[in-house]
Amino acid sequence: MNGTVDVLVVDDERINLKLVEGILRGRDLNLVTAGSGAEALELLPDHDFAMALLDVMMPGMDGFELAERLRSHESTRNTPIIFITAISKEQRHVFHGYELGAVDYLFKPVEPEILRGKVNIFAELHRHKRSLMETTRRLEATVEELQASKAALAESEQRYRMVADYNYDWESWIGPDGSLIYISPSCERISGYPPQRFLEEPDLLQRIIHSEDLPKWQRFMEDETVGDDESLDFRISDMNARVRWLSMVKHSIQSDTGRPLGIRSSMRDITNRKRIEGQLHYSAHHDTLTGLPNRVLFLDRLGRAAERASRSNEYFAVLFINLDRFQAVNDHYGHTVGDKLMIRIGIRLQQAVRPLDTVARFGGDEFGVLIEEISRKSDLRQVVDKVHASFKEPLVVDDISFTISPSIGYDVGSGIAVEPEELVHNAQVAMNAAKEGGKNRAVAYNKGMREGVVNVLAVESDLKRALAAREFEAYYQPIVNLADGSLYGFETLARWVHPERGLVNPGEFIPVAEETGLIVELGAQILEKACATMNRWREKYPLARTLTVAVNISARQFAESSLATAVESILERSGLPPEYLKLEITETVVMLDAMKSVNQLKALKNLGILLSIDDFGTGYSSMSYLQKFPTDQLKIDLSFVQRMETTTESIEIIRAIVNMAHSLRLRVVAEGIETERQRDLLYSLQCDYGQGYLYSRPLPEDEAEEFVKESE
């Protein structure tokens, strides 16, 4: 059937319009193009469009809004719409387009043959429609002349309006007596069965509906109160026994005179949408790396376990697992190896528990384990020990053997007034206690742990206030030359003078400051006070011009890349010559990452200051690294000094440290000297300097200044 028909093409990109024109050229089509939605609407009065090809993403009025406007316009209410877009099929825009009445989506770059085929179908349908409309007009004229078969013609025209328009969905018309009057060809695309089968077998649709969904489908069809805005999702088995999801809407239809004509239903294939929804649901409840349940699903299962336990009088438990020093794996071997190892650990944990238990990954290097159906609380320890023991066997990734240790905290629930989040938090608090207790252990939660956390939070808040108010004072403990007892310098110690509590024990606030990172600001304040005070003493007392001031550097401070710059700035502001400042870093801290420590120590040494390794003998330094460290002194840990009078072993350790230090041209300081016997032994071992209560306790600034004055 010939005859040119109008096709509306809307796209804000001129090149896309040209591309469509090139594909559809010579097809008895009059392509009417528009560069915007507003321009397209202006064209409606002058054209009878067979279909509309709309771009989705356009400035101003997008394709979705334009589709709504076309549907509301009398001349284009039933005009088929195809969206041509670059939007991903996985996004919700596709569903929105179908809701607006689109018959299809084409995705850029457009396949020419697909576009030609779809446009040809709708163009041909429009030609048929025009032809039928022309025939109808002729028949109407004949009816007016003959005044015969007027009622038959009206009914035929109404039937045409019901079924003639092509639709992508599965359309059906069920008569008032329940017989199937019409079924669209799309039924075959969706179900695999041709329309004739449904016409010949009226119960075929009910036979292919999933047995679980059939009752609700029957209720939906029988309910006369169902409106046009209500839908039903149900499953069918297609001709190849594959499950497909359909979404159905229905409404009652009547003739112009109000006579019931039956029910019209429309069914859309939403199988892909359901699959995507399933994928999104899975992603929302599972860890993307390991495939294990995530925290959300873990908490859901924990809540269900609590409900079951309340009915069965059994117990359940939550294990919170943190992998010790796992970050070192990522730092040294890379995240690819780290990810593989994380997957293996997840598998190992699943093998360590029963199938009814749940292993989840909370993120990073943290896992959760839900243990269910525990008859007695005492039985849990055996399960915890099994989980802990599962880490003893090394894990091999890319021919590299890893021995990973866990810190485990756990808490037990009975289903009585338990909040899943609270139980997980309790286990996490217990895990932190396991960390603080030396790692690689399992610790049960007790209420005292939570009180400790609250205290830590209170101390942290008070620390922030105290730092802003500059309540921290520098106290100075003298360091003397063991050979003649002369004053060599001072070690600076931080003391908190609280406005209400007075002097706060350092053991109460130093660990919290270290954990929270506030130690960096605290250390900077103490360092600045020490440098300023020593420089002021140097200007007043000749003896002070030879004294050194030592300041401890915490692990957090030493890890700061800007430490050397900060120290240099403080020295400039205070005016203290750098050779009279000594920074003390503990042996454990410098050996955490020895190679990185070498670079940090060199940066500090380049300022001209002195460097000392504190608490020496408690860590694991090797001679090779001591030779690389640009240090000036070693400080013997006070534990060795305090045991000198009772064990010969401590004396031999100190002798070895002194001899080794002197061979490396390092001076040695002993701390914690409380008796003359200890002093004499250290001097006999050729230790250079000492400090402790035998000479003086740590002194506030004014008393330390008096000590300098009396030492002259």
# chains A, B, ... in the order shown; residues from 1 in each chain; ligands from 1

call {"tool": "closest_atom_pairs", "arguments": {"of": "range 483-517 of chain A", "to": "range 683-693 of chain A", "cutoff": "12 Å", "atoms": "only C-alpha atoms", "output": "CSV"}}
result
residue,atom,partner,partner_atom,distance
A:Ala483,CA,A:Tyr683,CA,6.8
A:Asp484,CA,A:Tyr683,CA,10.0
A:Gly485,CA,A:Tyr689,CA,8.9
A:Ser486,CA,A:Tyr689,CA,9.7
A:Leu487,CA,A:Tyr689,CA,9.5
A:Tyr488,CA,A:Tyr689,CA,7.8
A:Gly489,CA,A:Tyr689,CA,9.8
A:Phe490,CA,A:Gln691,CA,8.8
A:Glu491,CA,A:Gln691,CA,8.8

call {"tool": "write_last_selection", "arguments": {"atoms": "all heavy atoms", "output": "short mmCIF file (atom, residue, chain, number, x, y, z; two decimals), in the first residue's frame"}}
result
data_model
loop_
_atom_site.label_atom_id
_atom_site.label_comp_id
_atom_site.auth_asym_id
_atom_site.auth_seq_id
_atom_site.Cartn_x
_atom_site.Cartn_y
_atom_site.Cartn_z
N ALA A 483 79.50 10.35 85.64
CA ALA A 483 80.90 10.40 86.04
C ALA A 483 81.12 11.38 87.18
O ALA A 483 81.87 11.11 88.13
CB ALA A 483 81.78 10.76 84.85
N ASP A 484 80.49 12.56 87.14
CA ASP A 484 80.73 13.57 88.17
C ASP A 484 79.45 14.15 88.77
O ASP A 484 79.51 15.04 89.63
CB ASP A 484 81.58 14.71 87.61
CG ASP A 484 80.96 15.33 86.36
OD1 ASP A 484 79.76 15.07 86.08
OD2 ASP A 484 81.66 16.07 85.65
N GLY A 485 78.27 13.67 88.31
CA GLY A 485 77.02 14.16 88.88
C GLY A 485 76.60 15.53 88.38
O GLY A 485 75.62 16.10 88.89
N SER A 486 77.33 16.09 87.40
CA SER A 486 76.99 17.42 86.89
C SER A 486 75.72 17.35 86.03
O SER A 486 75.40 16.32 85.45
CB SER A 486 78.14 18.00 86.07
OG SER A 486 78.40 17.16 84.96
N LEU A 487 75.02 18.48 85.96
CA LEU A 487 73.78 18.54 85.19
C LEU A 487 74.09 18.52 83.69
O LEU A 487 74.88 19.33 83.19
CB LEU A 487 73.01 19.82 85.56
CG LEU A 487 71.66 20.00 84.87
CD1 LEU A 487 70.69 18.88 85.25
CD2 LEU A 487 71.06 21.36 85.24
N TYR A 488 73.44 17.59 83.01
CA TYR A 488 73.64 17.45 81.55
C TYR A 488 72.47 18.06 80.76
O TYR A 488 72.65 18.64 79.69
CB TYR A 488 73.78 15.97 81.20
CG TYR A 488 73.71 15.67 79.71
CD1 TYR A 488 74.73 16.05 78.84
CD2 TYR A 488 72.59 14.99 79.19
CE1 TYR A 488 74.64 15.77 77.49
CE2 TYR A 488 72.50 14.71 77.84
CZ TYR A 488 73.53 15.11 76.98
OH TYR A 488 73.44 14.84 75.64
N GLY A 489 71.28 17.95 81.30
CA GLY A 489 70.12 18.49 80.60
C GLY A 489 68.83 18.07 81.29
O GLY A 489 68.83 17.66 82.46
N PHE A 490 67.72 18.16 80.55
CA PHE A 490 66.41 17.81 81.09
C PHE A 490 65.63 16.98 80.07
O PHE A 490 65.77 17.18 78.85
CB PHE A 490 65.59 19.06 81.41
CG PHE A 490 66.12 19.86 82.57
CD1 PHE A 490 67.03 20.89 82.37
CD2 PHE A 490 65.69 19.59 83.86
CE1 PHE A 490 67.51 21.63 83.44
CE2 PHE A 490 66.17 20.34 84.93
CZ PHE A 490 67.08 21.35 84.73
N GLU A 491 64.80 16.07 80.60
CA GLU A 491 63.77 15.44 79.77
C GLU A 491 62.45 16.14 80.04
O GLU A 491 62.07 16.32 81.20
CB GLU A 491 63.63 13.94 80.05
CG GLU A 491 62.52 13.29 79.20
CD GLU A 491 62.30 11.82 79.47
OE1 GLU A 491 62.97 11.27 80.36
OE2 GLU A 491 61.42 11.22 78.81
#

call {"tool": "residues_around", "arguments": {"residues": "Phe391 in chain A", "least_positions_apart": "6", "cutoff": "12 Å", "atoms": "only C-alpha atoms", "output": "PDB file with N, CA, C and O atoms, in the first residue's frame"}}
result
ATOM      1  N   ILE A 321      35.271  -9.828  64.203  1.00  0.00           N
ATOM      2  CA  ILE A 321      36.653 -10.223  63.913  1.00  0.00           C
ATOM      3  C   ILE A 321      37.362  -9.110  63.147  1.00  0.00           C
ATOM      4  O   ILE A 321      36.859  -8.623  62.131  1.00  0.00           O
ATOM      5  N   LEU A 323      41.183  -8.343  61.446  1.00  0.00           N
ATOM      6  CA  LEU A 323      42.448  -8.990  61.076  1.00  0.00           C
ATOM      7  C   LEU A 323      43.615  -8.112  61.507  1.00  0.00           C
ATOM      8  O   LEU A 323      43.671  -6.936  61.181  1.00  0.00           O
ATOM      9  N   ASP A 324      44.533  -8.701  62.244  1.00  0.00           N
ATOM     10  CA  ASP A 324      45.671  -7.946  62.776  1.00  0.00           C
ATOM     11  C   ASP A 324      46.653  -7.579  61.665  1.00  0.00           C
ATOM     12  O   ASP A 324      47.081  -8.442  60.895  1.00  0.00           O
ATOM     13  N   ARG A 344      39.882 -15.653  50.448  1.00  0.00           N
ATOM     14  CA  ARG A 344      40.274 -16.926  51.070  1.00  0.00           C
ATOM     15  C   ARG A 344      39.902 -16.946  52.560  1.00  0.00           C
ATOM     16  O   ARG A 344      39.483 -17.978  53.095  1.00  0.00           O
ATOM     17  N   ILE A 345      40.076 -15.816  53.219  1.00  0.00           N
ATOM     18  CA  ILE A 345      39.748 -15.742  54.644  1.00  0.00           C
ATOM     19  C   ILE A 345      38.247 -15.946  54.841  1.00  0.00           C
ATOM     20  O   ILE A 345      37.812 -16.638  55.765  1.00  0.00           O
ATOM     21  N   GLY A 346      37.435 -15.349  53.947  1.00  0.00           N
ATOM     22  CA  GLY A 346      35.990 -15.546  54.019  1.00  0.00           C
ATOM     23  C   GLY A 346      35.622 -17.008  53.884  1.00  0.00           C
ATOM     24  O   GLY A 346      34.763 -17.524  54.619  1.00  0.00           O
ATOM     25  N   ILE A 347      36.273 -17.703  52.940  1.00  0.00           N
ATOM     26  CA  ILE A 347      36.016 -19.137  52.748  1.00  0.00           C
ATOM     27  C   ILE A 347      36.447 -19.922  53.980  1.00  0.00           C
ATOM     28  O   ILE A 347      35.739 -20.825  54.457  1.00  0.00           O
ATOM     29  N   ARG A 348      37.607 -19.574  54.524  1.00  0.00           N
ATOM     30  CA  ARG A 348      38.119 -20.275  55.707  1.00  0.00           C
ATOM     31  C   ARG A 348      37.156 -20.125  56.896  1.00  0.00           C
ATOM     32  O   ARG A 348      36.900 -21.083  57.634  1.00  0.00           O
ATOM     33  N   LEU A 349      36.601 -18.936  57.054  1.00  0.00           N
ATOM     34  CA  LEU A 349      35.653 -18.707  58.149  1.00  0.00           C
ATOM     35  C   LEU A 349      34.378 -19.521  57.949  1.00  0.00           C
ATOM     36  O   LEU A 349      33.831 -20.087  58.907  1.00  0.00           O
ATOM     37  N   GLN A 351      34.131 -22.325  56.483  1.00  0.00           N
ATOM     38  CA  GLN A 351      34.449 -23.724  56.755  1.00  0.00           C
ATOM     39  C   GLN A 351      34.565 -24.006  58.248  1.00  0.00           C
ATOM     40  O   GLN A 351      34.410 -25.147  58.680  1.00  0.00           O
ATOM     41  N   ALA A 352      34.814 -22.956  59.025  1.00  0.00           N
ATOM     42  CA  ALA A 352      35.011 -23.135  60.465  1.00  0.00           C
ATOM     43  C   ALA A 352      33.697 -23.176  61.237  1.00  0.00           C
ATOM     44  O   ALA A 352      33.692 -23.551  62.411  1.00  0.00           O
ATOM     45  N   VAL A 384      34.144 -20.512  69.441  1.00  0.00           N
ATOM     46  CA  VAL A 384      35.058 -19.381  69.283  1.00  0.00           C
ATOM     47  C   VAL A 384      36.485 -19.876  69.091  1.00  0.00           C
ATOM     48  O   VAL A 384      37.225 -19.383  68.231  1.00  0.00           O
ATOM     49  N   ASP A 385      36.885 -20.870  69.882  1.00  0.00           N
ATOM     50  CA  ASP A 385      38.243 -21.418  69.762  1.00  0.00           C
ATOM     51  C   ASP A 385      38.464 -22.041  68.385  1.00  0.00           C
ATOM     52  O   ASP A 385      39.568 -21.945  67.816  1.00  0.00           O
ATOM     53  N   PHE A 402      50.749 -16.660  53.719  1.00  0.00           N
ATOM     54  CA  PHE A 402      50.400 -15.628  54.692  1.00  0.00           C
ATOM     55  C   PHE A 402      49.857 -16.289  55.954  1.00  0.00           C
ATOM     56  O   PHE A 402      49.009 -17.171  55.888  1.00  0.00           O
ATOM     57  N   THR A 403      50.359 -15.837  57.088  1.00  0.00           N
ATOM     58  CA  THR A 403      49.789 -16.235  58.374  1.00  0.00           C
ATOM     59  C   THR A 403      49.131 -15.004  58.972  1.00  0.00           C
ATOM     60  O   THR A 403      49.805 -14.083  59.430  1.00  0.00           O
ATOM     61  N   ILE A 404      47.818 -14.979  58.931  1.00  0.00           N
ATOM     62  CA  ILE A 404      47.048 -13.830  59.413  1.00  0.00           C
ATOM     63  C   ILE A 404      46.436 -14.180  60.759  1.00  0.00           C
ATOM     64  O   ILE A 404      45.836 -15.238  60.925  1.00  0.00           O
ATOM     65  N   SER A 405      46.591 -13.282  61.721  1.00  0.00           N
ATOM     66  CA  SER A 405      45.997 -13.516  63.039  1.00  0.00           C
ATOM     67  C   SER A 405      44.782 -12.614  63.224  1.00  0.00           C
ATOM     68  O   SER A 405      44.731 -11.514  62.689  1.00  0.00           O
ATOM     69  N   PRO A 406      43.791 -13.089  63.995  1.00  0.00           N
ATOM     70  CA  PRO A 406      42.591 -12.283  64.231  1.00  0.00           C
ATOM     71  C   PRO A 406      42.501 -11.788  65.677  1.00  0.00           C
ATOM     72  O   PRO A 406      42.979 -12.437  66.607  1.00  0.00           O
ATOM     73  N   SER A 407      41.888 -10.631  65.840  1.00  0.00           N
ATOM     74  CA  SER A 407      41.446 -10.200  67.161  1.00  0.00           C
ATOM     75  C   SER A 407      39.926 -10.368  67.172  1.00  0.00           C
ATOM     76  O   SER A 407      39.242  -9.797  66.322  1.00  0.00           O
ATOM     77  N   ILE A 408      39.417 -11.175  68.114  1.00  0.00           N
ATOM     78  CA  ILE A 408      38.002 -11.554  68.116  1.00  0.00           C
ATOM     79  C   ILE A 408      37.346 -11.071  69.403  1.00  0.00           C
ATOM     80  O   ILE A 408      37.858 -11.298  70.500  1.00  0.00           O
ATOM     81  N   ASN A 440      45.571 -11.097  68.348  1.00  0.00           N
ATOM     82  CA  ASN A 440      45.553 -12.553  68.157  1.00  0.00           C
ATOM     83  C   ASN A 440      44.962 -13.276  69.362  1.00  0.00           C
ATOM     84  O   ASN A 440      45.536 -14.218  69.896  1.00  0.00           O
ATOM     85  N   ARG A 441      43.792 -12.798  69.782  1.00  0.00           N
ATOM     86  CA  ARG A 441      43.120 -13.446  70.910  1.00  0.00           C
ATOM     87  C   ARG A 441      41.626 -13.213  70.801  1.00  0.00           C
ATOM     88  O   ARG A 441      41.173 -12.378  70.017  1.00  0.00           O
TER      89      ARG A 441
END

call {"tool": "residues_around", "arguments": {"residues": "Leu299 in chain A", "least_positions_apart": "3", "cutoff": "8 Å", "atoms": "only C-alpha atoms", "output": "ChimeraX atom specification"}}
result
/A:295-296,302-303,420-421

call {"tool": "write_last_selection", "arguments": {"atoms": "all heavy atoms", "output": "compact mmCIF listing (two decimals), in the first residue's frame"}}
result
# COMPACT_ATOMS: atom_id res chain seq x y z
N ARG A 295 26.80 -6.11 56.25
CA ARG A 295 26.29 -5.75 57.58
C ARG A 295 24.76 -5.70 57.62
O ARG A 295 24.14 -6.09 58.61
CB ARG A 295 26.89 -4.41 58.01
CG ARG A 295 26.65 -4.08 59.48
CD ARG A 295 27.16 -2.69 59.82
NE ARG A 295 27.12 -2.45 61.25
CZ ARG A 295 28.12 -2.62 62.08
NH1 ARG A 295 29.29 -3.05 61.61
NH2 ARG A 295 28.01 -2.36 63.37
N VAL A 296 24.15 -5.19 56.52
CA VAL A 296 22.69 -5.06 56.48
C VAL A 296 22.02 -6.43 56.61
O VAL A 296 21.12 -6.64 57.43
CB VAL A 296 22.24 -4.37 55.17
CG1 VAL A 296 20.72 -4.37 55.05
CG2 VAL A 296 22.78 -2.95 55.10
N LEU A 302 20.45 -11.56 62.25
CA LEU A 302 20.63 -11.50 63.70
C LEU A 302 19.30 -11.24 64.39
O LEU A 302 18.98 -11.85 65.42
CB LEU A 302 21.64 -10.40 64.06
CG LEU A 302 21.91 -10.15 65.54
CD1 LEU A 302 22.33 -11.43 66.24
CD2 LEU A 302 22.99 -9.08 65.70
N GLY A 303 18.49 -10.34 63.81
CA GLY A 303 17.16 -10.08 64.37
C GLY A 303 16.27 -11.31 64.34
O GLY A 303 15.55 -11.60 65.30
N PRO A 420 19.86 -5.93 67.76
CA PRO A 420 20.97 -6.46 66.94
C PRO A 420 22.17 -5.53 66.88
O PRO A 420 23.32 -5.97 67.04
CB PRO A 420 20.31 -6.65 65.56
CG PRO A 420 18.87 -6.88 65.86
CD PRO A 420 18.56 -6.01 67.05
N GLU A 421 21.94 -4.23 66.68
CA GLU A 421 23.05 -3.27 66.58
C GLU A 421 23.84 -3.24 67.88
O GLU A 421 25.07 -3.14 67.87
CB GLU A 421 22.51 -1.88 66.25
CG GLU A 421 22.16 -1.66 64.80
CD GLU A 421 23.37 -1.35 63.94
OE1 GLU A 421 24.50 -1.49 64.44
OE2 GLU A 421 23.19 -0.98 62.78

call {"tool": "residues_around", "arguments": {"residues": "Gln382 in chain A", "least_positions_apart": "6", "cutoff": "12 Å", "atoms": "only C-alpha atoms", "output": "ChimeraX atom specification"}}
result
/A:352-353,371,374,376,388-389,442

call {"tool": "write_last_selection", "arguments": {"atoms": "N, CA, C and O atoms", "output": "compact mmCIF listing (two decimals), in the first residue's frame"}}
result
# COMPACT_ATOMS: atom_id res chain seq x y z
N ALA A 352 34.81 -22.96 59.02
CA ALA A 352 35.01 -23.14 60.47
C ALA A 352 33.70 -23.18 61.24
O ALA A 352 33.69 -23.55 62.41
N VAL A 353 32.59 -22.77 60.60
CA VAL A 353 31.30 -22.75 61.30
C VAL A 353 30.32 -23.69 60.59
O VAL A 353 30.62 -24.25 59.54
N ILE A 371 26.46 -17.07 65.33
CA ILE A 371 26.36 -18.46 65.75
C ILE A 371 24.98 -18.67 66.35
O ILE A 371 24.59 -17.97 67.29
N ILE A 374 22.58 -22.34 70.24
CA ILE A 374 23.53 -22.73 71.29
C ILE A 374 22.73 -23.13 72.52
O ILE A 374 21.97 -22.32 73.06
N ARG A 376 23.89 -24.14 75.58
CA ARG A 376 24.46 -23.59 76.81
C ARG A 376 25.51 -22.54 76.46
O ARG A 376 26.23 -22.68 75.48
N HIS A 388 38.97 -19.22 65.97
CA HIS A 388 40.31 -18.65 66.18
C HIS A 388 41.39 -19.58 65.63
O HIS A 388 42.35 -19.14 64.98
N ALA A 389 41.22 -20.87 65.86
CA ALA A 389 42.22 -21.85 65.40
C ALA A 389 42.27 -21.96 63.89
O ALA A 389 43.29 -22.36 63.31
N ALA A 442 40.86 -13.97 71.57
CA ALA A 442 39.40 -13.84 71.59
C ALA A 442 38.97 -13.41 72.99
O ALA A 442 39.39 -14.01 73.98

call {"tool": "atom_distance", "arguments": {"atom1": "CA of Ala466 in chain A", "atom2": "CA of Thr548 in chain A"}}
result
28.1 Å
